[in-house]
Amino acid sequence: MNQSAREAEWGNWLRLAMDGDAAAYDRFLRAVTPYLRSMARKRCNMLGVSAGEAEDVVQEVLLAVHLKRATWDTSRPIGPWLSTIVRNKMIDSFRKRGRHISVPIDDVMETLQAEDRRSGLEPADLEKMLAGLRDPQREIVRSISVSGDGIRETAERLKMSEGAVRVALHRALKGLAMLYRSE
Amino acid sequence: MQTDDLIKLMTQDARVRHRLNPVFVVAVIGGLLISVLLLIATIGLRPDLAQAIQTPRVAFKIGLMFILAATCTRIALIIGKPGVSLKPALALLAVPVLLLGAGIVLELRSVASGEWGTRLIGQNSGFCLLFLPLLSLAPLALMFAALKQAAPVSPSLAGAAAGFASGAIAGSVYALHCPDDSPLFVATWYFIGITLVAFGGWLLGGRMLRW
């Protein structure tokens, strides 16, 4: 698929996602992640940073895309928006690791190879991340990510309203982004 | 945490509740209203506003400030959106700048040079420097709250842009009271007041608008 077709497809998915389509969002995130991984790996290799850190960079960038998606003007193409967010966050993330990198602005949409193969190295420990969250956010994160439950099941099990679970989940994602930033 | 697990979490939070544009617009309107109410509740509108606004200098002063506020506010919004070029919005700044230049030239031509100093210093410059920043506080605070949701490439510059915008909004509001009508006064004291607010925004932005 060429670059502009890919861009159009990603844009459609994120547009649907912002209106609440979880399946479209899943497709979007799973499509973008391999490209982010490939970019992060390449820079880790260049800088001699371990590959496990690349996955942390990927997650930090994904969280930024997630938390800032309301800044995308859905009438515009997604490429320039996505490239700018990814570029900024990647530079930040490596700077925090004491490395200075440059990410050319066109790199994101033009990255050719996507890397699906995950390294054997684990990204930041789940329990360590969860320890930084408060209840009920921690329980909700565990329920949805590890047990694979949906909002409704989680709400029933924790005896909360679905709305309260949604709000807590959103806060938890903000919290995770903060944890990454302060790492 | 595995990246797959993180994606599961994010897909359950797919819907966006508040998009940046409406949030920002509400913040600006709210800030403007509070600023106007603050002016009315404290120093008040100028008593002769209805007649004064028909004189060229007062109409120019108020009109210029509103145009400046609108252009700066638009820049403060766009600066928070990744991947959107600022150039067209920045180019529009030429409109208030050229207007002010024209106003100054006309004033210098119509007033004897001996009067220039008095016009520039006016009667209430200290008051303007105190009140303009005060009137900018509500717009600045609300604009910052909206920009917390934005993703500016440079948080400091975004803070400065919000400072210029709220300073210019405060200038528009203060112009409804201000008895000094010369473009020379506006070019000097309003400009200093707005720049002070922008400097404050620059300092705060670096701390508060990181993401």
# chains A, B, ... in the order shown; residues from 1 in each chain; ligands from 1
>>> residues_around(residues="Ala198 (chain B)", least_positions_apart="2", cutoff="9 Å", atoms="only C-alpha atoms", output="VMD selection string")
chain B and resid 159 to 167 193 to 196 200 to 203
>>> interface_residues(of="chain B", to="chain A", cutoff="9 Å", atoms="only C-alpha atoms", output="VMD selection string")
chain B and resid 1 to 21 80 to 84 149 to 151 153 211
>>> closest_residue(among="B:Ile169, B:Leu98, B:Ile62, B:Leu86", to="Leu32 (chain B)", atoms="only C-alpha atoms")
B:Ile169
>>> residues_around(residues="Ala146 (chain B)", least_positions_apart="4", cutoff="10 Å", atoms="only C-alpha atoms", output="list in words")
Leu20, Asn21, Pro22, Val23, Phe24, Val25, Val26, Ala27, Val28, Leu77, Gly80, Leu140, Ala141, Leu142 and Ala150 of chain B
>>> write_last_selection(atoms="N, CA and C atoms", output="mmCIF file, in the first residue's frame")
data_model
loop_
_atom_site.group_PDB
_atom_site.id
_atom_site.type_symbol
_atom_site.label_atom_id
_atom_site.label_comp_id
_atom_site.auth_asym_id
_atom_site.auth_seq_id
_atom_site.Cartn_x
_atom_site.Cartn_y
_atom_site.Cartn_z
ATOM 1 N N LEU B 20 -10.422 19.954 20.880
ATOM 2 C CA LEU B 20 -9.711 21.174 21.261
ATOM 3 C C LEU B 20 -10.437 22.458 20.843
ATOM 4 N N ASN B 21 -10.932 22.505 19.597
ATOM 5 C CA ASN B 21 -11.545 23.759 19.124
ATOM 6 C C ASN B 21 -12.667 24.272 20.026
ATOM 7 N N PRO B 22 -13.706 23.466 20.300
ATOM 8 C CA PRO B 22 -14.780 23.995 21.151
ATOM 9 C C PRO B 22 -14.311 24.341 22.557
ATOM 10 N N VAL B 23 -13.407 23.535 23.112
ATOM 11 C CA VAL B 23 -12.899 23.829 24.456
ATOM 12 C C VAL B 23 -12.216 25.199 24.465
ATOM 13 N N PHE B 24 -11.415 25.450 23.439
ATOM 14 C CA PHE B 24 -10.671 26.706 23.365
ATOM 15 C C PHE B 24 -11.613 27.893 23.189
ATOM 16 N N VAL B 25 -12.622 27.718 22.322
ATOM 17 C CA VAL B 25 -13.570 28.815 22.076
ATOM 18 C C VAL B 25 -14.328 29.170 23.360
ATOM 19 N N VAL B 26 -14.774 28.140 24.085
ATOM 20 C CA VAL B 26 -15.483 28.383 25.346
ATOM 21 C C VAL B 26 -14.563 29.121 26.329
ATOM 22 N N ALA B 27 -13.297 28.700 26.374
ATOM 23 C CA ALA B 27 -12.346 29.342 27.290
ATOM 24 C C ALA B 27 -12.178 30.824 26.944
ATOM 25 N N VAL B 28 -12.061 31.124 25.662
ATOM 26 C CA VAL B 28 -11.839 32.520 25.252
ATOM 27 C C VAL B 28 -13.071 33.374 25.552
ATOM 28 N N LEU B 77 -4.446 29.281 19.413
ATOM 29 C CA LEU B 77 -5.142 28.006 19.181
ATOM 30 C C LEU B 77 -4.316 27.118 18.252
ATOM 31 N N GLY B 80 -1.210 25.115 19.367
ATOM 32 C CA GLY B 80 -1.405 23.895 20.150
ATOM 33 C C GLY B 80 -1.738 22.679 19.305
ATOM 34 N N LEU B 140 -6.207 34.570 30.492
ATOM 35 C CA LEU B 140 -4.962 33.788 30.487
ATOM 36 C C LEU B 140 -5.163 32.442 31.192
ATOM 37 N N ALA B 141 -5.805 32.479 32.354
ATOM 38 C CA ALA B 141 -6.001 31.236 33.113
ATOM 39 C C ALA B 141 -6.857 30.252 32.314
ATOM 40 N N LEU B 142 -7.934 30.752 31.719
ATOM 41 C CA LEU B 142 -8.817 29.844 30.975
ATOM 42 C C LEU B 142 -8.143 29.333 29.704
ATOM 43 N N ALA B 150 -3.839 20.721 24.674
ATOM 44 C CA ALA B 150 -3.216 20.819 23.363
ATOM 45 C C ALA B 150 -1.841 20.156 23.393
#
>>> closest_atom_pairs(of="region 39-61 of chain B", to="region 170-192 of chain B", cutoff="7 Å", atoms="only C-alpha atoms", output="JSON lines")
{"residue": "B:Gly44", "atom": "CA", "partner": "B:His177", "partner_atom": "CA", "distance": 6.4}
{"residue": "B:Leu45", "atom": "CA", "partner": "B:His177", "partner_atom": "CA", "distance": 4.5}
{"residue": "B:Arg46", "atom": "CA", "partner": "B:His177", "partner_atom": "CA", "distance": 4.4}
{"residue": "B:Arg57", "atom": "CA", "partner": "B:Asp181", "partner_atom": "CA", "distance": 5.7}
{"residue": "B:Val58", "atom": "CA", "partner": "B:Asp181", "partner_atom": "CA", "distance": 5.7}
{"residue": "B:Lys61", "atom": "CA", "partner": "B:Asp181", "partner_atom": "CA", "distance": 6.8}
>>> write_last_selection(atoms="C-alpha atoms", output="PDB file, in the first residue's frame")
ATOM      1  CA  GLY B  44     -16.422  50.964  34.851  1.00  0.00           C
ATOM      2  CA  LEU B  45     -16.919  51.889  31.203  1.00  0.00           C
ATOM      3  CA  ARG B  46     -16.012  55.426  30.242  1.00  0.00           C
ATOM      4  CA  ARG B  57      -9.442  57.945  17.656  1.00  0.00           C
ATOM      5  CA  VAL B  58     -11.643  55.926  20.008  1.00  0.00           C
ATOM      6  CA  LYS B  61      -8.311  52.230  19.441  1.00  0.00           C
TER       7      LYS B  61
END
>>> atom_distance(atom1="CA of Pro136 (chain A)", atom2="CA of Ala145 (chain B)")
25.9 Å
>>> atom_distance(atom1="CA of Ser156 (chain B)", atom2="CA of Gly205 (chain B)")
4.6 Å
>>> atom_distance(atom1="CA of Ile67 (chain B)", atom2="CA of Leu99 (chain B)")
9.7 Å
>>> select_by_dssp(residues="region 73-197 of chain B", states="alpha helix (DSSP H)", output="ChimeraX atom specification")
/B:73-78,87-92,94-110,116-121,125-147,155-174,183-185,191-197
>>> residues_around(residues="Leu158 (chain A)", least_positions_apart="3", cutoff="10 Å", atoms="only C-alpha atoms", output="PyMOL selection string")
chain A and resi 136+139-140+143+152-155+161+165
>>> closest_residue(among="B:Lys148, B:Ser35, B:Ser154, B:Thr71", to="Pro88 (chain B)", atoms="only C-alpha atoms")
B:Thr71
>>> closest_residue(among="B:Thr73, B:Leu108, B:Glu115, B:Pro152", to="Gly31 (chain B)", atoms="only C-alpha atoms")
B:Thr73
>>> residues_around(residues="Lys96 (chain A)", least_positions_apart="3", cutoff="9 Å", atoms="only C-alpha atoms", output="list in words")
Ile91, Asp92, Ser93, Arg99, His100, Arg181, Ser182 and Glu183 of chain A
>>> decode(residues="region 24-37 of chain A", atoms="N, CA, C and O atoms", output="PDB file, in the first residue's frame")
ATOM      1  N   ALA A  24     -12.347   0.232  15.398  1.00  0.00           N
ATOM      2  CA  ALA A  24     -11.553   1.050  14.475  1.00  0.00           C
ATOM      3  C   ALA A  24     -10.292   1.559  15.166  1.00  0.00           C
ATOM      4  O   ALA A  24      -9.221   1.629  14.562  1.00  0.00           O
ATOM      5  N   TYR A  25     -10.419   1.899  16.448  1.00  0.00           N
ATOM      6  CA  TYR A  25      -9.260   2.393  17.188  1.00  0.00           C
ATOM      7  C   TYR A  25      -8.229   1.291  17.333  1.00  0.00           C
ATOM      8  O   TYR A  25      -7.025   1.527  17.207  1.00  0.00           O
ATOM      9  N   ASP A  26      -8.718   0.068  17.598  1.00  0.00           N
ATOM     10  CA  ASP A  26      -7.824  -1.074  17.710  1.00  0.00           C
ATOM     11  C   ASP A  26      -7.039  -1.246  16.405  1.00  0.00           C
ATOM     12  O   ASP A  26      -5.820  -1.427  16.406  1.00  0.00           O
ATOM     13  N   ARG A  27      -7.735  -1.156  15.270  1.00  0.00           N
ATOM     14  CA  ARG A  27      -7.054  -1.281  13.971  1.00  0.00           C
ATOM     15  C   ARG A  27      -6.018  -0.176  13.794  1.00  0.00           C
ATOM     16  O   ARG A  27      -4.903  -0.425  13.343  1.00  0.00           O
ATOM     17  N   PHE A  28      -6.408   1.042  14.156  1.00  0.00           N
ATOM     18  CA  PHE A  28      -5.483   2.165  14.013  1.00  0.00           C
ATOM     19  C   PHE A  28      -4.209   1.938  14.839  1.00  0.00           C
ATOM     20  O   PHE A  28      -3.098   2.032  14.334  1.00  0.00           O
ATOM     21  N   LEU A  29      -4.397   1.629  16.111  1.00  0.00           N
ATOM     22  CA  LEU A  29      -3.239   1.492  16.994  1.00  0.00           C
ATOM     23  C   LEU A  29      -2.351   0.327  16.574  1.00  0.00           C
ATOM     24  O   LEU A  29      -1.119   0.426  16.597  1.00  0.00           O
ATOM     25  N   ARG A  30      -2.986  -0.778  16.153  1.00  0.00           N
ATOM     26  CA  ARG A  30      -2.196  -1.937  15.733  1.00  0.00           C
ATOM     27  C   ARG A  30      -1.502  -1.698  14.395  1.00  0.00           C
ATOM     28  O   ARG A  30      -0.500  -2.337  14.094  1.00  0.00           O
ATOM     29  N   ALA A  31      -2.046  -0.803  13.603  1.00  0.00           N
ATOM     30  CA  ALA A  31      -1.387  -0.472  12.336  1.00  0.00           C
ATOM     31  C   ALA A  31      -0.196   0.462  12.565  1.00  0.00           C
ATOM     32  O   ALA A  31       0.847   0.330  11.928  1.00  0.00           O
ATOM     33  N   VAL A  32      -0.353   1.406  13.491  1.00  0.00           N
ATOM     34  CA  VAL A  32       0.692   2.407  13.702  1.00  0.00           C
ATOM     35  C   VAL A  32       1.869   1.836  14.497  1.00  0.00           C
ATOM     36  O   VAL A  32       3.035   2.146  14.231  1.00  0.00           O
ATOM     37  N   THR A  33       1.549   0.972  15.470  1.00  0.00           N
ATOM     38  CA  THR A  33       2.585   0.485  16.397  1.00  0.00           C
ATOM     39  C   THR A  33       3.822  -0.107  15.710  1.00  0.00           C
ATOM     40  O   THR A  33       4.946   0.234  16.092  1.00  0.00           O
ATOM     41  N   PRO A  34       3.660  -0.985  14.699  1.00  0.00           N
ATOM     42  CA  PRO A  34       4.873  -1.544  14.077  1.00  0.00           C
ATOM     43  C   PRO A  34       5.787  -0.474  13.478  1.00  0.00           C
ATOM     44  O   PRO A  34       7.022  -0.631  13.505  1.00  0.00           O
ATOM     45  N   TYR A  35       5.212   0.599  12.976  1.00  0.00           N
ATOM     46  CA  TYR A  35       6.037   1.668  12.414  1.00  0.00           C
ATOM     47  C   TYR A  35       6.792   2.394  13.524  1.00  0.00           C
ATOM     48  O   TYR A  35       7.969   2.722  13.394  1.00  0.00           O
ATOM     49  N   LEU A  36       6.093   2.646  14.622  1.00  0.00           N
ATOM     50  CA  LEU A  36       6.751   3.286  15.759  1.00  0.00           C
ATOM     51  C   LEU A  36       7.878   2.403  16.271  1.00  0.00           C
ATOM     52  O   LEU A  36       8.968   2.877  16.600  1.00  0.00           O
ATOM     53  N   ARG A  37       7.604   1.093  16.311  1.00  0.00           N
ATOM     54  CA  ARG A  37       8.593   0.151  16.829  1.00  0.00           C
ATOM     55  C   ARG A  37       9.840   0.165  15.948  1.00  0.00           C
ATOM     56  O   ARG A  37      10.964   0.182  16.447  1.00  0.00           O
TER      57      ARG A  37
END
